[in-house]
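> Please find structure_12.txt (compact mmCIF, C-alpha atoms and all ligand atoms) on the next line:
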# COMPACT_ATOMS: atom_id res chain seq x y z
CA MET A 798 -19.92 41.93 -5.50
CA PHE A 799 -23.34 43.14 -6.74
CA GLU A 800 -24.83 39.78 -5.65
CA ASN A 801 -27.54 39.19 -3.06
CA GLU A 802 -28.83 35.81 -1.85
CA ASP A 803 -31.34 35.49 -4.71
CA LEU A 804 -28.66 36.08 -7.32
CA ILE A 805 -26.33 33.58 -5.66
CA ALA A 806 -29.11 30.97 -5.67
CA LEU A 807 -29.86 31.72 -9.33
CA ARG A 808 -26.17 31.37 -10.19
CA ASP A 809 -26.01 27.96 -8.45
CA THR A 810 -29.13 26.62 -10.20
CA THR A 811 -28.05 27.92 -13.61
CA ARG A 812 -24.52 26.57 -13.18
CA ARG A 813 -25.81 23.10 -12.32
CA PHE A 814 -28.17 23.06 -15.30
CA ALA A 815 -25.49 24.43 -17.65
CA ARG A 816 -22.89 21.90 -16.54
CA GLU A 817 -25.21 18.91 -16.71
CA LYS A 818 -27.37 19.72 -19.72
CA ILE A 819 -25.57 22.25 -21.90
CA ALA A 820 -21.81 21.70 -21.62
CA PRO A 821 -21.72 18.09 -22.91
CA GLY A 822 -23.19 19.05 -26.33
CA TYR A 823 -21.03 22.12 -27.07
CA ALA A 824 -18.96 20.45 -29.82
CA ALA A 825 -21.83 18.34 -31.18
CA ARG A 826 -24.03 21.40 -31.68
CA GLU A 827 -21.24 22.99 -33.71
CA LYS A 828 -21.38 20.00 -36.07
CA SER A 829 -25.19 20.03 -36.30
CA GLY A 830 -25.21 23.74 -37.21
CA ILE A 831 -28.48 24.38 -35.41
CA LEU A 832 -29.43 25.67 -32.01
CA ASP A 833 -31.04 22.99 -29.85
CA ARG A 834 -34.66 24.11 -29.50
CA GLY A 835 -35.30 21.48 -26.83
CA LEU A 836 -32.59 22.97 -24.63
CA LEU A 837 -33.94 26.45 -25.31
CA LYS A 838 -37.37 25.37 -24.07
CA GLU A 839 -35.79 23.88 -20.96
CA MET A 840 -34.06 27.21 -20.33
CA GLY A 841 -37.40 28.94 -20.83
CA ALA A 842 -39.18 26.60 -18.42
CA MET A 843 -36.54 27.42 -15.78
CA GLY A 844 -37.06 31.16 -16.25
CA LEU A 845 -33.60 31.67 -17.75
CA ILE A 846 -34.68 33.72 -20.78
CA ALA A 847 -35.28 37.45 -20.27
CA PRO A 848 -36.36 37.23 -16.59
CA GLU A 849 -36.33 41.04 -16.46
CA LEU A 850 -39.54 41.15 -18.54
CA PRO A 851 -42.82 41.69 -16.69
CA ASP A 852 -45.15 38.85 -15.61
CA TRP A 853 -47.55 39.32 -18.51
CA ALA A 854 -44.64 38.71 -20.89
CA GLY A 855 -43.58 35.53 -19.12
CA GLY A 856 -40.74 37.17 -17.16
CA SER A 857 -40.38 37.72 -13.42
CA GLY A 858 -39.90 41.50 -13.46
CA VAL A 859 -36.46 41.20 -11.85
CA GLU A 860 -33.43 43.44 -12.38
CA THR A 861 -31.29 43.02 -15.49
CA MET A 862 -28.46 41.83 -13.24
CA TYR A 863 -30.30 38.47 -13.21
CA SER A 864 -29.74 38.09 -16.93
CA GLY A 865 -26.09 38.99 -16.34
CA VAL A 866 -25.67 36.12 -13.89
CA ILE A 867 -27.46 33.69 -16.22
CA ILE A 868 -25.43 34.59 -19.30
CA GLU A 869 -22.14 34.11 -17.46
CA GLU A 870 -23.09 30.61 -16.34
CA ILE A 871 -24.57 29.54 -19.68
CA ALA A 872 -21.54 30.85 -21.61
CA LYS A 873 -19.19 28.88 -19.36
CA ALA A 874 -20.90 25.76 -20.70
CA ASP A 875 -21.58 26.85 -24.29
CA PHE A 876 -20.88 30.31 -25.66
CA ASN A 877 -23.52 29.86 -28.37
CA MET A 878 -26.44 28.92 -26.14
CA GLY A 879 -25.79 32.26 -24.47
CA TYR A 880 -26.48 33.93 -27.80
CA ALA A 881 -30.11 32.80 -27.72
CA GLN A 882 -30.44 34.23 -24.26
CA ILE A 883 -29.01 37.61 -25.32
CA LEU A 884 -31.39 37.75 -28.27
CA GLY A 885 -34.20 36.96 -25.81
CA SER A 886 -33.28 39.88 -23.57
CA LEU A 887 -32.59 42.34 -26.40
CA GLU A 888 -35.68 41.54 -28.47
CA GLY A 889 -37.80 41.04 -25.36
CA GLN A 890 -37.00 44.54 -24.19
CA ILE A 891 -37.68 46.03 -27.63
CA VAL A 892 -40.98 44.22 -28.13
CA ALA A 893 -42.16 44.86 -24.54
CA GLY A 894 -41.29 48.54 -24.81
CA PHE A 895 -42.38 49.38 -28.33
CA ALA A 896 -44.76 46.78 -29.85
CA ARG A 897 -48.52 47.26 -29.82
CA ARG A 898 -49.80 45.52 -26.71
CA GLU A 899 -51.68 42.77 -28.62
CA VAL A 900 -48.52 41.97 -30.61
CA ALA A 901 -46.33 41.89 -27.50
CA GLU A 902 -48.83 39.63 -25.72
CA GLU A 903 -48.73 37.21 -28.63
CA TRP A 904 -44.93 37.00 -28.99
CA LEU A 905 -43.33 37.60 -25.59
CA PRO A 906 -44.68 34.64 -23.60
CA LYS A 907 -43.39 32.39 -26.40
CA LEU A 908 -40.02 34.17 -26.40
CA THR A 909 -39.50 33.77 -22.65
CA ALA A 910 -40.66 30.14 -22.87
CA GLY A 911 -37.91 29.45 -25.44
CA GLU A 912 -40.52 28.55 -28.05
CA VAL A 913 -39.56 31.26 -30.54
CA ILE A 914 -36.36 33.05 -31.55
CA ILE A 915 -36.45 36.66 -32.74
CA ASN A 916 -33.37 37.98 -34.53
CA ILE A 917 -32.31 41.58 -35.09
CA ALA A 918 -31.80 42.85 -38.64
CA LEU A 919 -29.93 46.12 -38.88
CA THR A 920 -26.82 45.54 -41.03
CA GLU A 921 -27.03 45.91 -44.82
CA PRO A 922 -24.64 44.93 -47.63
CA GLN A 923 -23.21 48.47 -48.02
CA GLY A 924 -22.01 48.51 -44.38
CA GLY A 925 -22.94 48.05 -40.75
CA SER A 926 -20.94 50.65 -38.84
CA ASP A 927 -22.72 53.55 -40.49
CA ALA A 928 -26.07 52.09 -39.48
CA ALA A 929 -27.94 55.34 -40.16
CA ALA A 930 -27.17 54.93 -43.88
CA LEU A 931 -29.49 51.93 -44.12
CA LYS A 932 -31.58 51.64 -47.29
CA LEU A 933 -34.12 48.82 -46.83
CA LYS A 934 -37.36 50.37 -48.08
CA MET A 935 -40.62 50.30 -46.16
CA THR A 936 -43.68 51.80 -47.88
CA ARG A 937 -47.32 52.02 -46.83
CA ASP A 938 -49.96 50.24 -48.91
CA GLY A 939 -53.42 50.16 -47.36
CA ASP A 940 -53.21 48.45 -43.99
CA ASP A 941 -49.75 47.00 -44.62
CA TRP A 942 -46.15 48.04 -44.70
CA VAL A 943 -44.32 46.63 -47.73
CA LEU A 944 -40.61 45.74 -47.34
CA ASN A 945 -38.07 45.54 -50.16
CA GLY A 946 -34.32 45.05 -49.90
CA GLU A 947 -31.65 43.01 -48.15
CA LYS A 948 -30.34 42.71 -44.62
CA THR A 949 -27.08 40.87 -44.22
CA SER A 950 -24.85 39.35 -41.55
CA ILE A 951 -27.88 38.56 -39.42
CA SER A 952 -27.33 36.03 -36.61
CA MET A 953 -29.81 33.15 -36.73
CA ALA A 954 -31.27 34.49 -39.99
CA ASP A 955 -32.33 31.03 -41.13
CA GLN A 956 -33.54 29.63 -37.80
CA SER A 957 -35.60 32.47 -36.35
CA ASP A 958 -39.36 32.78 -36.08
CA ALA A 959 -39.42 36.58 -36.40
CA THR A 960 -37.07 39.47 -37.00
CA VAL A 961 -36.89 43.05 -35.75
CA VAL A 962 -36.16 44.91 -38.98
CA PHE A 963 -34.92 48.47 -39.29
CA ALA A 964 -36.09 50.11 -42.52
CA ARG A 965 -36.40 53.53 -44.09
CA SER A 966 -39.99 54.76 -44.14
CA GLY A 967 -39.15 58.42 -44.80
CA ASP A 968 -37.90 60.07 -47.99
CA GLU A 969 -34.42 60.94 -46.69
CA LYS A 970 -31.59 59.05 -48.40
CA ARG A 971 -29.62 58.64 -45.16
CA GLY A 972 -29.61 59.62 -41.49
CA ALA A 973 -31.39 58.41 -38.37
CA SER A 974 -34.52 60.37 -39.06
CA GLY A 975 -36.99 58.36 -41.13
CA VAL A 976 -35.82 54.96 -39.87
CA SER A 977 -38.58 52.76 -38.44
CA ALA A 978 -38.62 49.27 -36.96
CA LEU A 979 -41.04 46.40 -37.56
CA LEU A 980 -41.53 43.01 -35.97
CA VAL A 981 -41.75 40.68 -38.96
CA PRO A 982 -42.70 36.99 -38.76
CA MET A 983 -40.14 35.05 -40.83
CA ASN A 984 -42.81 32.90 -42.51
CA LEU A 985 -44.36 35.79 -44.46
CA PRO A 986 -44.41 35.35 -48.27
CA GLY A 987 -41.48 37.05 -50.03
CA ILE A 988 -38.81 36.33 -47.36
CA LYS A 989 -35.75 34.30 -48.30
CA THR A 990 -32.61 33.58 -46.27
CA THR A 991 -29.05 32.44 -46.93
CA ARG A 992 -26.29 31.23 -44.61
CA PHE A 993 -22.59 32.17 -44.61
CA GLU A 994 -19.66 29.81 -44.01
CA ASP A 995 -18.30 31.32 -40.80
CA LEU A 996 -15.22 30.73 -38.67
CA GLY A 997 -17.22 30.09 -35.53
CA GLN A 998 -20.69 30.17 -33.95
CA HIS A 999 -21.81 27.44 -36.34
CA CYS A 1000 -24.94 26.50 -34.45
CA ILE A 1001 -26.02 30.15 -34.48
CA GLY A 1002 -25.25 30.83 -38.12
CA ARG A 1003 -25.24 34.14 -39.90
CA GLY A 1004 -26.70 35.13 -43.24
CA SER A 1005 -28.76 37.46 -45.38
CA ILE A 1006 -32.51 38.04 -45.30
CA PHE A 1007 -34.08 39.12 -48.60
CA PHE A 1008 -37.40 40.97 -48.59
CA ASP A 1009 -39.32 40.91 -51.88
CA ASN A 1010 -42.58 42.84 -51.54
CA VAL A 1011 -43.14 41.44 -48.06
CA ARG A 1012 -46.45 42.69 -46.67
CA VAL A 1013 -46.35 43.31 -42.92
CA PRO A 1014 -49.53 44.27 -41.04
CA ARG A 1015 -49.52 47.87 -39.81
CA ASN A 1016 -49.75 46.90 -36.15
CA MET A 1017 -46.28 45.29 -36.28
CA LEU A 1018 -44.62 48.73 -36.18
CA LEU A 1019 -42.31 49.12 -33.16
CA GLY A 1020 -42.48 52.54 -31.56
CA ASP A 1021 -43.33 55.60 -33.63
CA GLU A 1022 -42.75 55.86 -37.35
CA GLY A 1023 -39.31 57.33 -38.10
CA GLN A 1024 -38.19 57.14 -34.45
CA ALA A 1025 -36.51 53.74 -34.34
CA PHE A 1026 -33.00 55.09 -33.79
CA ARG A 1027 -34.04 57.26 -30.85
CA GLN A 1028 -36.39 54.69 -29.28
CA VAL A 1029 -35.71 51.10 -30.25
CA MET A 1030 -31.91 51.14 -30.53
CA GLN A 1031 -31.45 52.12 -26.89
CA GLY A 1032 -31.84 48.40 -26.13
CA PHE A 1033 -28.35 47.82 -27.52
CA ASP A 1034 -26.77 49.19 -24.34
CA PHE A 1035 -28.32 46.28 -22.47
CA SER A 1036 -27.19 43.65 -24.95
CA ARG A 1037 -23.66 45.11 -25.04
CA ALA A 1038 -23.21 44.56 -21.31
CA LEU A 1039 -24.58 41.02 -21.68
CA ILE A 1040 -22.24 40.29 -24.62
CA GLY A 1041 -19.29 41.34 -22.45
CA LEU A 1042 -20.37 38.88 -19.76
CA GLN A 1043 -21.01 36.15 -22.33
CA CYS A 1044 -17.42 36.43 -23.64
CA LEU A 1045 -15.99 36.63 -20.13
CA GLY A 1046 -17.98 33.58 -18.98
CA THR A 1047 -16.27 31.53 -21.69
CA ALA A 1048 -12.91 33.06 -20.75
CA ARG A 1049 -13.45 32.30 -17.04
CA GLN A 1050 -14.22 28.66 -17.78
CA SER A 1051 -11.04 28.42 -19.87
CA LEU A 1052 -9.00 29.95 -17.05
CA ASP A 1053 -10.48 27.62 -14.42
CA GLU A 1054 -9.70 24.58 -16.56
CA THR A 1055 -6.17 25.84 -17.22
CA TRP A 1056 -5.41 26.44 -13.52
CA VAL A 1057 -6.28 22.78 -12.89
CA PHE A 1058 -4.14 21.66 -15.85
CA VAL A 1059 -1.02 23.60 -14.86
CA LYS A 1060 -1.22 22.16 -11.36
CA GLU A 1061 -1.35 18.59 -12.69
CA ARG A 1062 0.88 18.68 -15.77
CA GLU A 1063 4.62 18.44 -15.16
CA ALA A 1064 7.69 19.58 -17.09
CA PHE A 1065 11.31 19.46 -15.95
CA GLY A 1066 10.14 17.55 -12.86
CA GLN A 1067 7.86 20.40 -11.69
CA PRO A 1068 4.18 21.20 -12.07
CA LEU A 1069 3.77 23.82 -14.81
CA SER A 1070 2.40 26.21 -12.19
CA ALA A 1071 5.86 26.34 -10.58
CA PHE A 1072 7.10 28.29 -13.60
CA GLN A 1073 6.27 31.94 -13.20
CA GLY A 1074 6.13 32.30 -16.96
CA VAL A 1075 3.00 30.16 -16.67
CA SER A 1076 1.38 31.08 -13.37
CA HIS A 1077 2.02 34.84 -13.57
CA ARG A 1078 0.62 34.97 -17.08
CA LEU A 1079 -2.51 33.17 -15.91
CA ALA A 1080 -2.71 35.44 -12.85
CA GLU A 1081 -2.64 38.49 -15.11
CA PHE A 1082 -5.49 37.20 -17.28
CA ASP A 1083 -7.43 36.21 -14.18
CA THR A 1084 -7.10 39.75 -12.81
CA LYS A 1085 -8.19 41.37 -16.07
CA VAL A 1086 -11.16 39.04 -16.52
CA GLU A 1087 -12.39 39.88 -13.01
CA ALA A 1088 -11.95 43.63 -13.65
CA ALA A 1089 -13.76 43.47 -16.99
CA ARG A 1090 -16.57 41.48 -15.42
CA LEU A 1091 -17.14 44.18 -12.82
CA LEU A 1092 -17.30 46.75 -15.61
CA CYS A 1093 -20.12 44.82 -17.32
CA LEU A 1094 -21.97 44.30 -14.04
CA GLN A 1095 -21.64 48.02 -13.34
CA ALA A 1096 -23.31 48.78 -16.70
CA LEU A 1097 -26.22 46.51 -15.74
CA TRP A 1098 -26.38 47.97 -12.24
CA LEU A 1099 -26.57 51.50 -13.67
CA LYS A 1100 -29.35 50.38 -16.01
CA ASP A 1101 -31.24 48.88 -13.07
CA GLN A 1102 -30.89 52.21 -11.22
CA GLY A 1103 -32.33 54.01 -14.26
CA ARG A 1104 -29.03 55.85 -14.71
CA PRO A 1105 -27.12 56.51 -17.96
CA HIS A 1106 -24.94 53.55 -18.94
CA THR A 1107 -24.19 53.98 -22.65
CA THR A 1108 -20.49 54.63 -22.00
CA GLU A 1109 -20.05 51.63 -19.68
CA ALA A 1110 -22.00 49.45 -22.13
CA ALA A 1111 -19.68 50.48 -25.00
CA MET A 1112 -16.67 49.71 -22.77
CA SER A 1113 -18.22 46.30 -22.02
CA LYS A 1114 -18.61 45.61 -25.71
CA TRP A 1115 -15.07 46.34 -26.92
CA TRP A 1116 -12.77 45.23 -24.11
CA PRO A 1117 -14.28 41.94 -22.83
CA PRO A 1118 -14.59 40.28 -26.30
CA LEU A 1119 -10.94 41.16 -27.03
CA LEU A 1120 -9.80 40.12 -23.56
CA ALA A 1121 -11.75 36.85 -23.78
CA TYR A 1122 -10.09 36.07 -27.11
CA GLU A 1123 -6.62 36.79 -25.68
CA THR A 1124 -7.35 34.79 -22.52
CA ILE A 1125 -8.61 31.73 -24.37
CA HIS A 1126 -5.64 31.97 -26.75
CA ALA A 1127 -3.24 31.90 -23.78
CA CYS A 1128 -5.13 28.98 -22.20
CA LEU A 1129 -4.97 27.04 -25.47
CA LEU A 1130 -1.20 27.54 -25.68
CA MET A 1131 -0.69 26.51 -22.05
CA HIS A 1132 -2.29 23.16 -22.88
CA GLY A 1133 0.50 22.57 -25.39
CA HIS A 1134 -0.26 20.30 -28.36
CA SER A 1135 -3.50 19.06 -26.80
CA GLY A 1136 -4.90 22.59 -26.69
CA TYR A 1137 -4.62 22.77 -30.47
CA SER A 1138 -6.75 19.66 -30.90
CA ARG A 1139 -10.52 19.48 -31.24
CA ASP A 1140 -10.51 17.05 -28.32
CA LEU A 1141 -10.37 20.10 -26.05
CA PRO A 1142 -12.80 23.04 -26.33
CA PHE A 1143 -10.29 25.90 -26.59
CA GLU A 1144 -10.06 26.13 -30.37
CA GLN A 1145 -13.87 26.21 -30.70
CA ARG A 1146 -14.16 28.80 -27.94
CA LEU A 1147 -11.51 30.93 -29.65
CA ARG A 1148 -13.41 30.85 -32.96
CA ASP A 1149 -16.76 31.43 -31.25
CA VAL A 1150 -15.77 34.52 -29.21
CA LEU A 1151 -13.88 36.17 -32.09
CA GLY A 1152 -17.11 37.11 -33.90
CA LEU A 1153 -18.19 39.45 -31.13
CA GLN A 1154 -15.28 41.80 -31.75
CA ILE A 1155 -17.35 42.66 -34.84
CA GLY A 1156 -20.99 41.71 -34.18
CA ASP A 1157 -23.23 44.26 -32.43
CA GLY A 1158 -20.79 47.04 -33.39
CA THR A 1159 -17.01 46.88 -33.82
CA SER A 1160 -14.42 47.89 -31.24
CA GLN A 1161 -13.71 51.07 -33.21
CA ILE A 1162 -17.34 52.13 -33.13
CA MET A 1163 -17.55 51.40 -29.38
CA LYS A 1164 -14.49 53.58 -28.79
CA THR A 1165 -16.16 56.35 -30.80
CA VAL A 1166 -19.20 56.08 -28.49
CA ILE A 1167 -16.92 56.37 -25.44
CA ALA A 1168 -14.93 59.28 -26.88
CA ARG A 1169 -18.13 61.15 -27.77
CA SER A 1170 -19.39 60.74 -24.22
CA ARG A 1171 -16.21 62.38 -22.93
CA VAL A 1172 -15.68 65.28 -25.34
CA GLY A 1173 -18.92 65.61 -27.31
CA ARG A 1174 -20.03 64.44 -30.73
CA GLU A 1175 -18.75 67.55 -32.52
CA PHE A 1176 -15.17 66.66 -31.51
CA VAL A 1177 -15.52 63.01 -32.63
CA PRO A 1178 -17.60 63.29 -35.79
CA TYR A 1179 -16.85 59.77 -37.20
C1 LIG B 1 -20.64 37.20 -35.46
C2 LIG B 1 -21.43 38.36 -36.00
C3 LIG B 1 -22.76 38.46 -35.69
C4 LIG B 1 -23.51 39.52 -36.21
N1 LIG B 1 -24.87 39.56 -35.94
C5 LIG B 1 -25.60 40.57 -36.46
C6 LIG B 1 -27.02 40.60 -36.24
O1 LIG B 1 -27.59 39.71 -35.61
N2 LIG B 1 -27.72 41.63 -36.78
C7 LIG B 1 -27.13 42.62 -37.49
O2 LIG B 1 -27.84 43.53 -37.92
N3 LIG B 1 -25.80 42.61 -37.73
C8 LIG B 1 -25.03 41.61 -37.24
N4 LIG B 1 -23.68 41.56 -37.49
C9 LIG B 1 -23.08 42.59 -38.33
C10 LIG B 1 -22.27 43.59 -37.51
O3 LIG B 1 -23.10 44.38 -36.71
C11 LIG B 1 -21.46 44.42 -38.51
O4 LIG B 1 -20.56 43.53 -39.14
C12 LIG B 1 -20.71 45.54 -37.85
O5 LIG B 1 -21.59 46.54 -37.41
C13 LIG B 1 -19.69 46.18 -38.79
O6 LIG B 1 -20.22 46.44 -40.03
P1 LIG B 1 -19.47 45.93 -41.35
O7 LIG B 1 -19.12 44.51 -41.17
O8 LIG B 1 -20.30 46.28 -42.51
O9 LIG B 1 -18.11 46.72 -41.39
P2 LIG B 1 -17.88 48.20 -41.93
O10 LIG B 1 -18.89 49.12 -41.35
O11 LIG B 1 -17.75 48.15 -43.40
O12 LIG B 1 -16.46 48.52 -41.28
C14 LIG B 1 -15.28 47.84 -41.72
C15 LIG B 1 -14.14 48.15 -40.76
O13 LIG B 1 -13.94 49.58 -40.72
C16 LIG B 1 -14.02 50.05 -39.39
N5 LIG B 1 -14.69 51.33 -39.33
C17 LIG B 1 -15.85 51.72 -39.92
N6 LIG B 1 -16.16 52.97 -39.60
C18 LIG B 1 -15.18 53.42 -38.77
C19 LIG B 1 -14.93 54.62 -38.08
N7 LIG B 1 -15.77 55.65 -38.13
N8 LIG B 1 -13.82 54.69 -37.31
C20 LIG B 1 -12.95 53.66 -37.21
N9 LIG B 1 -13.14 52.48 -37.83
C21 LIG B 1 -14.24 52.36 -38.60
C22 LIG B 1 -14.87 49.02 -38.65
O14 LIG B 1 -14.61 49.04 -37.26
C23 LIG B 1 -14.43 47.73 -39.33
O15 LIG B 1 -13.26 47.25 -38.73
C24 LIG B 1 -22.91 40.49 -37.02
C25 LIG B 1 -21.55 40.39 -37.32
C26 LIG B 1 -20.82 39.33 -36.85
C27 LIG B 1 -19.37 39.20 -37.22
Would you write out, as structure tokens, the structure that this file holds?


Amino acid sequence: MFENEDLIALRDTTRRFAREKIAPGYAAREKSGILDRGLLKEMGAMGLIAPELPDWAGGSGVETMYSGVIIEEIAKADFNMGYAQILGSLEGQIVAGFARREVAEEWLPKLTAGEVIINIALTEPQGGSDAAALKLKMTRDGDDWVLNGEKTSISMADQSDATVVFARSGDEKRGASGVSALLVPMNLPGIKTTRFEDLGQHCIGRGSIFFDNVRVPRNMLLGDEGQAFRQVMQGFDFSRALIGLQCLGTARQSLDETWVFVKEREAFGQPLSAFQGVSHRLAEFDTKVEAARLLCLQALWLKDQGRPHTTEAAMSKWWPPLLAYETIHACLLMHGHSGYSRDLPFEQRLRDVLGLQIGDGTSQIMKTVIARSRVGREFVPY
């Protein structure tokens, strides 16, 4: 469903590349703790990063559904390589839509080529869910903006080339009004990063970014001053649908491998699949994964039609990450003792997908978004 001949061809090419080039290094990249820039460039050369961007930005101007197909296939091979692709689409859309043209022309062709990584820096130490309470200070001094403060929990903080930073340029102490966004090269003087010891996503890494009197040229402002929440943050609907597909891609791969296993492995003189406690459980997860996938594709389809999709995107962000976690958990258990070992990929997948029940907005916040769309903000104030 939703797929024409071009999308089917793209899926086949991406799947072949992902199986041959990406899947074999999934565990090794976890040990190295860094994203493979060579692989990223190969993905870029194949047009697999942000193909929805226009030609001048290095994209192909196709529908966002193309990125949906790509992320599913990449995440089947390596959940984390999909992360780089999501950042490409999210930041690509923000920079293409809101950066000054000369800035976008400098950064986007490198982003789509896989030569640079741009992270997104919204969360602060006092809390991420109440994003409008952010405090990072941004003041004008001559031709520069000067940044002071800390962003925390930022994916790829210490291996990015630039960051999209949300900061308070107005006098208000809190609230969406007065929040601006800047594209900030990570090599500017005054920037320091740290890395956390996380449960999963080791080759992505998460950490803080400290800004100590960092001078950012004026033309790096994204959108209008004080309008970042209204303008720039709309891109999150797109990344939420992609995150859903990323998690489900990893879940689908786990299911496919487990169907093969239960057909081959025997207990009590029967293949495991003969026991309905096994095959019906797998059939249930298979059904839910397919249903959740269609939900995410619908969000992308609505976006491509220029129709509202915030509700569907929020649904795609809370259910699929949870469902993927539960699916992979069941697949691990069905592999018995071997599923618990690092020789098989299930334990790594389980740790990797877990983070996205929190990252990019928690399940609770997504449900608030959905509830507000049904009954209005005044009836769901928090
Ligand atoms: C793997 C991962 C990657 C991340 N990557 C990035 C990134 O690249 N950039 C970035 O800016 N941030 C990133 N984050 C941070 C993430 O966006 C925040 O962790 C998230 O928004 C929640 O904020 P918090 O952790 O401060 O929790 P808090 O806001 O302190 O919330 C704590 C708990 O309370 C619940 N809660 C809060 N308010 C409500 C409410 N109104 N109703 C019901 N429950 C509520 C939350 O759901 C949560 O369970 C990442 C996080 C993770 C885990």

> Determine the nearest neighbour of Ser1036 of chain A from the options A:Glu888, A:Glu969, A:Asp1140, A:Glu802, counting only C-alpha atoms.

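Looking at the shortest contact to Ser1036 of chain A, the residue is A:Glu888.
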
> Please list as a PyMOL selection string every residue within 10 Å of segment 934-938 of chain A, counting all atoms listed in the file and excluding residues in the same chain fewer than 3 positions away.

chain A and resi 931+941-947+963-968+976-979+1008+1010-1015

> Could the residues that lie within 8 Å of ligand LIG 1 (chain B), counting all atoms listed in the file, be listed as a PyMOL selection string?

chain A and resi 916-928+948-954+997-998+1003+1151-1162+1165+1179

> Write the residues of the selection above to a file with C-alpha atoms, as a CSV table (one decimal), in the coordinates of the input.


chain,number,residue,atom,x,y,z
A,916,ASN,CA,-33.4,38.0,-34.5
A,917,ILE,CA,-32.3,41.6,-35.1
A,918,ALA,CA,-31.8,42.8,-38.6
A,919,LEU,CA,-29.9,46.1,-38.9
A,920,THR,CA,-26.8,45.5,-41.0
A,921,GLU,CA,-27.0,45.9,-44.8
A,922,PRO,CA,-24.6,44.9,-47.6
A,923,GLN,CA,-23.2,48.5,-48.0
A,924,GLY,CA,-22.0,48.5,-44.4
A,925,GLY,CA,-22.9,48.0,-40.8
A,926,SER,CA,-20.9,50.6,-38.8
A,927,ASP,CA,-22.7,53.6,-40.5
A,928,ALA,CA,-26.1,52.1,-39.5
A,948,LYS,CA,-30.3,42.7,-44.6
A,949,THR,CA,-27.1,40.9,-44.2
A,950,SER,CA,-24.8,39.4,-41.6
A,951,ILE,CA,-27.9,38.6,-39.4
A,952,SER,CA,-27.3,36.0,-36.6
A,953,MET,CA,-29.8,33.2,-36.7
A,954,ALA,CA,-31.3,34.5,-40.0
A,997,GLY,CA,-17.2,30.1,-35.5
A,998,GLN,CA,-20.7,30.2,-34.0
A,1003,ARG,CA,-25.2,34.1,-39.9
A,1151,LEU,CA,-13.9,36.2,-32.1
A,1152,GLY,CA,-17.1,37.1,-33.9
A,1153,LEU,CA,-18.2,39.4,-31.1
A,1154,GLN,CA,-15.3,41.8,-31.8
A,1155,ILE,CA,-17.4,42.7,-34.8
A,1156,GLY,CA,-21.0,41.7,-34.2
A,1157,ASP,CA,-23.2,44.3,-32.4
A,1158,GLY,CA,-20.8,47.0,-33.4
A,1159,THR,CA,-17.0,46.9,-33.8
A,1160,SER,CA,-14.4,47.9,-31.2
A,1161,GLN,CA,-13.7,51.1,-33.2
A,1162,ILE,CA,-17.3,52.1,-33.1
A,1165,THR,CA,-16.2,56.4,-30.8
A,1179,TYR,CA,-16.8,59.8,-37.2

> Find, counting all atoms listed in the file, the residue in A:Gly1041, A:Ala1127, A:Val1086, A:Lys1100 that gets nearest to Met1112 of chain A.

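Nearest candidate to Met1112 of chain A out of A:Gly1041, A:Ala1127, A:Val1086, A:Lys1100: A:Gly1041.
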
> Residues of segment 1008-1079 of chain A that have any atom at most 12 Å from an atom of segment 810-824 of chain A: could you tabulate them with the shortest-distance atom pair and the distance in Å to one decimal, using all atoms listed in the file, ordered by chain and increasing number, as a Markdown table?


| residue | atom | partner | partner_atom | distance |
| --- | --- | --- | --- | --- |
| A:Gly1046 | CA | A:Arg812 | CA | 11.2 |
| A:Thr1047 | CA | A:Ala820 | CA | 11.3 |
| A:Gln1050 | CA | A:Ala820 | CA | 11.0 |

> Looking at A:Val859, A:Val981, A:Ile871, A:Val866, which one is nearest to Ile914 of chain A, with distances taken over only C-alpha atoms?

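The closest residue to Ile914 of chain A is A:Val981.
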
> Record the distance separating atom CA of Leu1099 of chain A and atom CA of Phe799 of chain A, expressed in Å with one decimal.

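Atom CA of Phe799 of chain A lies at a distance of 11.3 Å from atom CA of Leu1099 of chain A.
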
> Separation of atom CA of Gly858 of chain A and atom CA of Trp904 of chain A, in Å?

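Between these atoms lies a distance of 16.9 Å.
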
> Within 9 Å of Ile831 of chain A, counting all atoms listed in the file, which residues qualify if same-chain residues fewer than 5 places away don't, as a short mmCIF file (atom, residue, chain, number, x, y, z; two decimals) with C-alpha atoms, in the frame of the given file?


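Okay, part-v6.cif is ready:
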data_model
loop_
_atom_site.label_atom_id
_atom_site.label_comp_id
_atom_site.auth_asym_id
_atom_site.auth_seq_id
_atom_site.Cartn_x
_atom_site.Cartn_y
_atom_site.Cartn_z
CA ARG A 826 -24.03 21.40 -31.68
CA MET A 953 -29.81 33.15 -36.73
CA GLN A 956 -33.54 29.63 -37.80
CA HIS A 999 -21.81 27.44 -36.34
CA CYS A 1000 -24.94 26.50 -34.45
CA ILE A 1001 -26.02 30.15 -34.48
CA GLY A 1002 -25.25 30.83 -38.12
#

> From the list A:Met983, A:Cys1128, A:Leu1091, A:Ile1006, which residue is nearest Thr1055 of chain A when using all atoms listed in the file?

A:Cys1128

> How close does each residue of segment 997-1067 of chain A get to segment 1074-1085 of chain A, giving the shortest atom pair and distance in Å to one decimal for every residue with an atom at most 9 Å away, counting only C-alpha atoms, sorted by chain and residue number, as JSON lines?


{"residue": "A:Arg1049", "atom": "CA", "partner": "A:Asp1083", "partner_atom": "CA", "distance": 7.7}
{"residue": "A:Leu1052", "atom": "CA", "partner": "A:Asp1083", "partner_atom": "CA", "distance": 7.1}
{"residue": "A:Thr1055", "atom": "CA", "partner": "A:Leu1079", "partner_atom": "CA", "distance": 8.3}
{"residue": "A:Trp1056", "atom": "CA", "partner": "A:Leu1079", "partner_atom": "CA", "distance": 7.7}
{"residue": "A:Val1059", "atom": "CA", "partner": "A:Val1075", "partner_atom": "CA", "distance": 7.9}
